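Have a look at query-v9.csv; it's CSV, C-alpha atoms:
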```
chain,number,residue,atom,x,y,z
A,1,MET,CA,16.2,9.2,-45.9
A,2,ASP,CA,18.5,6.6,-44.4
A,3,PHE,CA,16.6,3.8,-42.6
A,4,LYS,CA,19.6,1.9,-41.3
A,5,ASN,CA,18.9,3.3,-37.8
A,6,LYS,CA,15.6,1.4,-37.8
A,7,ILE,CA,17.4,-1.9,-38.4
A,8,ILE,CA,18.6,-4.3,-35.6
A,9,VAL,CA,20.9,-6.9,-37.1
A,10,ALA,CA,20.5,-10.3,-35.6
A,11,ILE,CA,23.9,-12.0,-35.2
A,12,ASP,CA,22.9,-15.6,-35.6
A,13,THR,CA,26.2,-17.2,-34.8
A,14,ILE,CA,28.0,-18.7,-31.8
A,15,ASP,CA,31.4,-17.7,-33.2
A,16,SER,CA,32.4,-14.6,-31.3
A,17,ASP,CA,35.1,-13.7,-33.9
A,18,ASN,CA,32.5,-13.8,-36.7
A,19,ALA,CA,30.1,-11.8,-34.5
A,20,LEU,CA,32.8,-9.2,-34.0
A,21,ARG,CA,33.6,-9.1,-37.7
A,22,LEU,CA,30.0,-8.4,-38.6
A,23,THR,CA,29.7,-5.5,-36.1
A,24,LYS,CA,32.7,-3.9,-37.8
A,25,ILE,CA,31.6,-4.2,-41.4
A,26,ILE,CA,27.9,-3.3,-40.9
A,27,PRO,CA,27.7,0.4,-40.1
A,28,ASP,CA,25.2,2.7,-38.5
A,29,VAL,CA,22.5,0.3,-37.5
A,30,ALA,CA,20.2,0.7,-34.4
A,31,ALA,CA,21.7,-2.3,-32.5
A,32,PHE,CA,23.0,-5.8,-32.8
A,33,LYS,CA,20.9,-8.6,-31.4
A,34,LEU,CA,22.6,-11.4,-29.5
A,35,GLY,CA,20.5,-14.3,-28.3
A,36,LEU,CA,20.4,-17.5,-26.3
A,37,GLU,CA,22.7,-19.5,-28.6
A,38,TYR,CA,25.4,-16.9,-28.5
A,39,PHE,CA,25.0,-16.2,-24.8
A,40,CYS,CA,25.1,-19.9,-23.8
A,41,SER,CA,28.2,-20.5,-26.0
A,42,ASN,CA,30.2,-17.4,-25.0
A,43,GLY,CA,28.7,-16.2,-21.7
A,44,PRO,CA,28.8,-12.6,-20.4
A,45,GLU,CA,32.4,-12.3,-21.7
A,46,GLY,CA,31.2,-12.8,-25.2
A,47,ILE,CA,28.6,-10.1,-24.8
A,48,LYS,CA,31.2,-7.7,-23.4
A,49,LEU,CA,33.5,-8.4,-26.3
A,50,ILE,CA,30.9,-7.0,-28.6
A,51,SER,CA,29.7,-4.2,-26.5
A,52,ASP,CA,33.2,-2.9,-25.8
A,53,THR,CA,33.4,-1.9,-29.5
A,54,GLY,CA,30.8,0.7,-28.7
A,55,VAL,CA,27.8,-0.7,-30.6
A,56,LYS,CA,24.4,-1.1,-29.0
A,57,ILE,CA,23.4,-4.6,-27.9
A,58,PHE,CA,19.9,-6.0,-28.0
A,59,LEU,CA,20.3,-8.9,-25.5
A,60,ASP,CA,17.5,-11.2,-26.5
A,61,LEU,CA,17.4,-13.8,-23.7
A,62,LYS,CA,13.6,-13.9,-23.3
A,63,PHE,CA,13.5,-14.3,-19.5
A,64,HIS,CA,10.6,-16.3,-18.3
A,65,ASP,CA,10.4,-17.7,-14.7
A,66,ILE,CA,9.0,-16.8,-11.4
A,67,PRO,CA,9.4,-13.1,-10.6
A,68,ASN,CA,12.3,-13.4,-8.1
A,69,THR,CA,14.3,-15.7,-10.4
A,70,VAL,CA,13.8,-13.4,-13.4
A,71,ALA,CA,14.7,-10.3,-11.3
A,72,GLY,CA,17.9,-12.0,-10.2
A,73,ALA,CA,18.8,-13.1,-13.7
A,74,ILE,CA,18.2,-9.7,-15.1
A,75,LYS,CA,20.3,-8.0,-12.4
A,76,ALA,CA,23.2,-10.3,-13.3
A,77,ILE,CA,23.3,-9.0,-16.9
A,78,LEU,CA,22.7,-5.3,-16.3
A,79,ASN,CA,26.4,-4.5,-15.9
A,80,LEU,CA,26.9,-5.6,-19.5
A,81,GLN,CA,24.9,-2.4,-20.3
A,82,PRO,CA,22.6,-3.7,-23.0
A,83,TYR,CA,20.5,-1.3,-25.0
A,84,MET,CA,17.5,-3.6,-25.0
A,85,ILE,CA,16.5,-6.8,-23.1
A,86,THR,CA,13.5,-9.2,-23.5
A,87,VAL,CA,11.1,-10.9,-21.2
A,88,HIS,CA,8.3,-13.2,-22.1
A,89,THR,CA,5.0,-11.4,-21.5
A,90,SER,CA,3.3,-14.8,-20.9
A,91,GLY,CA,5.2,-14.8,-17.6
A,92,GLY,CA,2.4,-12.7,-16.2
A,93,TYR,CA,1.9,-9.2,-14.7
A,94,ASN,CA,3.9,-9.9,-11.5
A,95,MET,CA,6.9,-11.1,-13.3
A,96,LEU,CA,6.9,-8.2,-15.8
A,97,ARG,CA,6.4,-5.6,-13.0
A,98,LYS,CA,9.2,-7.1,-11.0
A,99,ALA,CA,11.5,-7.0,-14.0
A,100,ASN,CA,10.7,-3.4,-14.6
A,101,GLU,CA,11.3,-2.5,-10.9
A,102,ILE,CA,14.6,-4.3,-10.6
A,103,VAL,CA,16.0,-2.8,-13.8
A,104,THR,CA,15.0,0.8,-12.8
A,105,GLU,CA,16.3,0.4,-9.2
A,106,TYR,CA,19.5,-1.3,-10.0
A,107,CYS,CA,20.5,1.1,-12.8
A,108,LEU,CA,19.7,4.1,-10.6
A,109,VAL,CA,21.9,2.7,-7.7
A,110,GLN,CA,24.7,1.7,-10.1
A,111,SER,CA,24.5,4.8,-12.2
A,112,LEU,CA,23.9,2.7,-15.3
A,113,LYS,CA,21.8,3.7,-18.4
A,114,ARG,CA,18.5,1.8,-18.1
A,115,PRO,CA,18.0,-0.6,-20.9
A,116,LEU,CA,14.7,-0.8,-22.8
A,117,ILE,CA,12.6,-3.7,-21.6
A,118,LEU,CA,10.7,-5.5,-24.3
A,119,GLY,CA,7.9,-8.0,-23.8
A,120,VAL,CA,8.0,-10.9,-26.3
A,121,SER,CA,4.4,-11.5,-27.5
A,122,VAL,CA,3.8,-14.5,-29.8
A,123,LEU,CA,6.9,-16.0,-31.4
A,124,THR,CA,7.0,-15.6,-35.2
A,125,SER,CA,7.4,-19.4,-35.6
A,126,ILE,CA,3.9,-19.8,-34.2
A,127,ASP,CA,0.7,-19.5,-36.2
A,128,LYS,CA,-3.1,-20.1,-35.6
A,129,ASN,CA,-2.6,-23.9,-36.0
A,130,ASP,CA,-0.3,-24.0,-33.0
A,131,LEU,CA,-2.5,-22.1,-30.5
A,132,PRO,CA,-5.0,-24.9,-29.6
A,133,SER,CA,-2.2,-27.2,-28.5
A,134,LEU,CA,-1.0,-24.5,-26.2
A,135,GLY,CA,-4.5,-24.1,-24.6
A,136,ILE,CA,-5.0,-20.7,-26.1
A,137,LYS,CA,-8.4,-19.7,-27.4
A,138,GLY,CA,-9.0,-17.2,-30.2
A,139,THR,CA,-6.7,-16.0,-33.0
A,140,VAL,CA,-3.0,-15.0,-32.9
A,141,GLU,CA,-4.2,-11.4,-33.0
A,142,ASP,CA,-6.3,-11.9,-29.9
A,143,GLN,CA,-3.4,-13.4,-28.0
A,144,VAL,CA,-1.0,-10.6,-29.1
A,145,ILE,CA,-3.4,-7.9,-28.0
A,146,ARG,CA,-3.8,-9.6,-24.6
A,147,LEU,CA,-0.1,-9.7,-24.2
A,148,ALA,CA,0.4,-6.2,-25.5
A,149,LYS,CA,-2.0,-4.8,-22.9
A,150,LEU,CA,-0.3,-6.8,-20.2
A,151,ALA,CA,3.1,-5.4,-21.2
A,152,ASN,CA,1.7,-1.8,-21.2
A,153,ASP,CA,0.0,-2.3,-17.8
A,154,ALA,CA,3.3,-3.5,-16.3
A,155,GLY,CA,5.2,-0.5,-17.6
A,156,LEU,CA,7.4,-2.1,-20.2
A,157,ASP,CA,9.0,0.0,-22.9
A,158,GLY,CA,8.0,-2.0,-25.8
A,159,LEU,CA,6.8,-5.2,-27.4
A,160,VAL,CA,8.4,-7.7,-29.8
A,161,SER,CA,5.7,-8.7,-32.2
A,162,SER,CA,5.2,-9.9,-35.8
A,163,ALA,CA,4.5,-7.2,-38.3
A,164,LYS,CA,1.3,-9.1,-39.1
A,165,GLU,CA,-0.1,-7.7,-35.8
A,166,LEU,CA,1.3,-4.1,-36.0
A,167,LYS,CA,-1.8,-2.4,-37.2
A,168,ILE,CA,-4.1,-3.9,-34.6
A,169,ILE,CA,-1.6,-3.2,-31.8
A,170,ARG,CA,-1.4,0.4,-32.8
A,171,LYS,CA,-5.2,0.6,-33.0
A,172,GLU,CA,-5.7,-1.0,-29.5
A,173,ILE,CA,-2.6,0.4,-27.7
A,174,GLY,CA,-1.7,3.5,-29.6
A,175,HIS,CA,1.9,4.6,-29.5
A,176,ASP,CA,2.6,3.8,-25.8
A,177,LEU,CA,4.8,0.9,-26.7
A,178,LEU,CA,7.9,0.7,-29.0
A,179,LEU,CA,7.3,-2.1,-31.5
A,180,VAL,CA,10.3,-4.2,-32.4
A,181,THR,CA,9.5,-6.6,-35.3
A,182,PRO,CA,11.2,-9.8,-36.2
A,183,GLY,CA,10.2,-12.1,-39.1
A,184,ILE,CA,11.3,-9.5,-41.7
A,185,ARG,CA,12.3,-10.7,-45.2
A,186,PRO,CA,13.1,-8.4,-48.1
A,187,PHE,CA,11.4,-9.1,-51.5
A,188,GLY,CA,12.6,-12.5,-52.7
A,189,GLY,CA,14.2,-13.5,-49.4
A,190,GLU,CA,13.9,-17.0,-48.0
A,191,ILE,CA,11.3,-17.7,-45.3
A,192,ASN,CA,13.3,-20.2,-43.3
A,193,ASP,CA,11.6,-21.1,-40.0
A,194,GLN,CA,9.5,-18.0,-39.7
A,195,LYS,CA,5.7,-18.2,-40.5
A,196,ARG,CA,4.3,-14.7,-40.0
A,197,ILE,CA,6.6,-12.5,-42.1
A,198,VAL,CA,6.4,-9.3,-44.1
A,199,THR,CA,8.7,-7.0,-46.1
A,200,PRO,CA,10.7,-4.2,-44.4
A,201,SER,CA,8.7,-1.3,-46.0
A,202,GLN,CA,5.4,-2.8,-45.1
A,203,ALA,CA,6.5,-3.2,-41.4
A,204,ILE,CA,7.6,0.4,-41.1
A,205,ASN,CA,4.4,1.6,-42.8
A,206,ASP,CA,2.3,-0.4,-40.4
A,207,GLY,CA,3.9,1.1,-37.3
A,208,ALA,CA,7.2,-0.7,-36.4
A,209,ASN,CA,9.8,1.3,-34.7
A,210,PHE,CA,12.6,-1.2,-35.3
A,211,LEU,CA,13.1,-4.2,-37.6
A,212,VAL,CA,15.1,-7.2,-36.6
A,213,ILE,CA,16.8,-8.7,-39.6
A,214,GLY,CA,19.4,-11.4,-39.6
A,215,ARG,CA,20.3,-13.9,-42.3
A,216,PRO,CA,19.3,-11.6,-45.3
A,217,ILE,CA,22.2,-9.4,-44.1
A,218,THR,CA,24.6,-11.6,-42.1
A,219,ALA,CA,24.5,-14.5,-44.6
A,220,SER,CA,25.0,-12.3,-47.6
A,221,LYS,CA,28.2,-12.3,-49.5
A,222,ASP,CA,28.3,-8.5,-49.0
A,223,PRO,CA,26.4,-7.6,-45.7
A,224,ARG,CA,27.0,-3.9,-46.1
A,225,LYS,CA,25.5,-3.9,-49.6
A,226,SER,CA,22.5,-6.0,-48.5
A,227,LEU,CA,21.9,-3.5,-45.6
A,228,GLU,CA,22.0,-0.6,-48.0
A,229,ALA,CA,19.5,-2.4,-50.3
A,230,ILE,CA,17.1,-3.1,-47.5
A,231,SER,CA,17.3,0.6,-46.4
A,232,LYS,CA,16.5,1.7,-49.9
A,233,GLU,CA,13.6,-0.8,-50.1
A,234,ILE,CA,12.1,0.8,-47.0
```
Go ahead and render the structure in this file as structure tokens.
Amino acid sequence: MDFKNKIIVAIDTIDSDNALRLTKIIPDVAAFKLGLEYFCSNGPEGIKLISDTGVKIFLDLKFHDIPNTVAGAIKAILNLQPYMITVHTSGGYNMLRKANEIVTEYCLVQSLKRPLILGVSVLTSIDKNDLPSLGIKGTVEDQVIRLAKLANDAGLDGLVSSAKELKIIRKEIGHDLLLVTPGIRPFGGEINDQKRIVTPSQAINDGANFLVIGRPITASKDPRKSLEAISKEI
């Protein structure tokens, strides 16, 4: 079985020409993730440059503000027709619900395909040692479950969460949410700035719907070959 359609390739560059090159040489993946750095450097035009090639875009801007501000910001990017967008679940129920409503209403009126809205739970750069300084009690798992329930209650489509918490999310929430998992490193891969990481096969076995993988593919001398190797590993 080919698992490339489970992989979202993170384009960790601000160079639009390099981003465009990567989308052309890496075939048949679920989507390409473009984040804050790329968006701030290239703007909506840079996103459109990639989406116009026909690939799916996971626009990872992690919106987090008061409900009306988030609604306005999301409305401004919907014409780019992303496949997925992200909001911080820690923004609270009202913000999440407003985001969900504005996406549904705007796409209906404009005859656009509605993007999947994913709630970002606890960043993979954060571990249990960071929580006390944030005023959060309990374990990382406790916080992830609180945020997963919040995302589910607000009607979001999915959750961005470390694979370390996949099993407990599935146990507590079931399969109501798509689970998109960053912090994935193949066997022997470098950890970089991620703390809570697992291998691709473990993440899929534990319940992930999509894996977000960047540097192990994009920084490879042969991105296509690295993608194939990861698919085989799964």
For range 155-229 of chain A against range 47-62 of chain A, with a cut-off of 12 Å and counting all atoms listed in the file, what is the closest atom pair and its distance in Å to one decimal for every residue that makes the cut, ordered by chain and number, as a tab-separated table?
```
residue	atom	partner	partner_atom	distance
A:Leu159	CA	A:Lys62	CA	11.8
A:Val160	CA	A:Asp60	CA	10.3
A:Val180	CA	A:Phe58	CA	10.7
A:Pro182	CA	A:Asp60	CA	11.7
A:Phe210	CA	A:Phe58	CA	11.4
A:Leu211	CA	A:Phe58	CA	11.9
A:Val212	CA	A:Phe58	CA	9.9
```
*Check the smallest atom-to-atom distance from each of A:Ser133, A:Thr86, A:Ser41, A:Gln143 to Gly119 in chain A using only C-alpha atoms, then report the winner.*
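Residue with the minimum atom-to-atom distance to Gly119 in chain A: A:Thr86.
When only C-alpha atoms are used to compute distances to Arg185 in chain A, the closest of the residues A:Glu101, A:Asp130, A:Asp12, A:Glu233 turns out to be A:Glu233.
The space between CA of Ser162 in chain A and CA of Met95 in chain A spans 22.6 Å.
If you measure from each of A:Asn94, A:Asn5, A:Asn79, A:Ser16 to Val29 in chain A using only C-alpha atoms, the closest one turns out to be A:Asn5.
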*Contact residues around Tyr38 in chain A with all atoms listed in the file at 8 Å, ignoring same-chain residues under 5 positions, as a ChimeraX atom specification*: /A:12-16,43,46
*asked:* Show me, as an MDAnalysis selection string, the residues that have an atom within 7 Å of range 221-230 of chain A when counting all atoms listed in the file, minus same-chain residues fewer than 5 positions from it.
replied: chainID A and resid 25:26 186
*Expressed in Å to a single decimal, how great is the separation between CA of Ala154 in chain A and CA of Ile11 in chain A?*
29.2 Å
*Which residues come within 9 Å of Val103 in chain A, counting all atoms listed in the file, excluding same-chain residues fewer than 4 positions away, as number ranges by chain?*
A: 71, 74-75, 78, 98-99, 107-108, 114-115, 117
*A:Arg170, A:Asn209, A:Ala30, A:Pro200 ranked by distance to Ser231 in chain A, top pick (using only C-alpha atoms)*: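 Ranking A:Arg170, A:Asn209, A:Ala30, A:Pro200 by distance to Ser231 in chain A, first place goes to A:Pro200.
Atom to atom, CA of Val198 in chain A and CA of Ile184 in chain A stand 5.5 Å apart.
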*So, counting only C-alpha atoms, which residue among A:Lys164, A:His175, A:Arg215, A:Lys6 is closest to Ala31 in chain A?*
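Of A:Lys164, A:His175, A:Arg215, A:Lys6, the one nearest Ala31 in chain A is A:Lys6, counting only C-alpha atoms.
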Quick one: everything within 9 Å of Ile169 in chain A, counting all atoms listed in the file, minus sequence neighbours fewer than 2 positions away in the same chain. Send it as a compact mmCIF listing (two decimals) with C-alpha atoms, keeping the file's coordinate frame.
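Output file selection_1.txt is given in full below:
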```txt
# COMPACT_ATOMS: atom_id res chain seq x y z
CA GLU A 141 -4.20 -11.40 -33.00
CA VAL A 144 -1.00 -10.60 -29.10
CA ILE A 145 -3.40 -7.90 -28.00
CA ALA A 148 0.40 -6.20 -25.50
CA GLU A 165 -0.10 -7.70 -35.80
CA LEU A 166 1.30 -4.10 -36.00
CA LYS A 167 -1.80 -2.40 -37.20
CA LYS A 171 -5.20 0.60 -33.00
CA GLU A 172 -5.70 -1.00 -29.50
CA ILE A 173 -2.60 0.40 -27.70
CA GLY A 174 -1.70 3.50 -29.60
CA HIS A 175 1.90 4.60 -29.50
CA LEU A 179 7.30 -2.10 -31.50
CA GLY A 207 3.90 1.10 -37.30
```
*asked:* Which residue is closest to Ile136 in chain A? Choose from A:Tyr106, A:Ser90, A:Ala163, A:Lys149 and count only C-alpha atoms.
replied: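 Looking only at the distances to Ile136 in chain A, the closest residue turns out to be A:Ser90.
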*10 Å contact set for Gly92 in chain A, all atoms listed in the file, chain neighbours under 3 positions out, as a list in words*: His64, Asp65, Ile66, Pro67, His88, Thr89, Met95, Leu96, Arg97, Leu147, Leu150, Ala151 and Ala154 of chain A
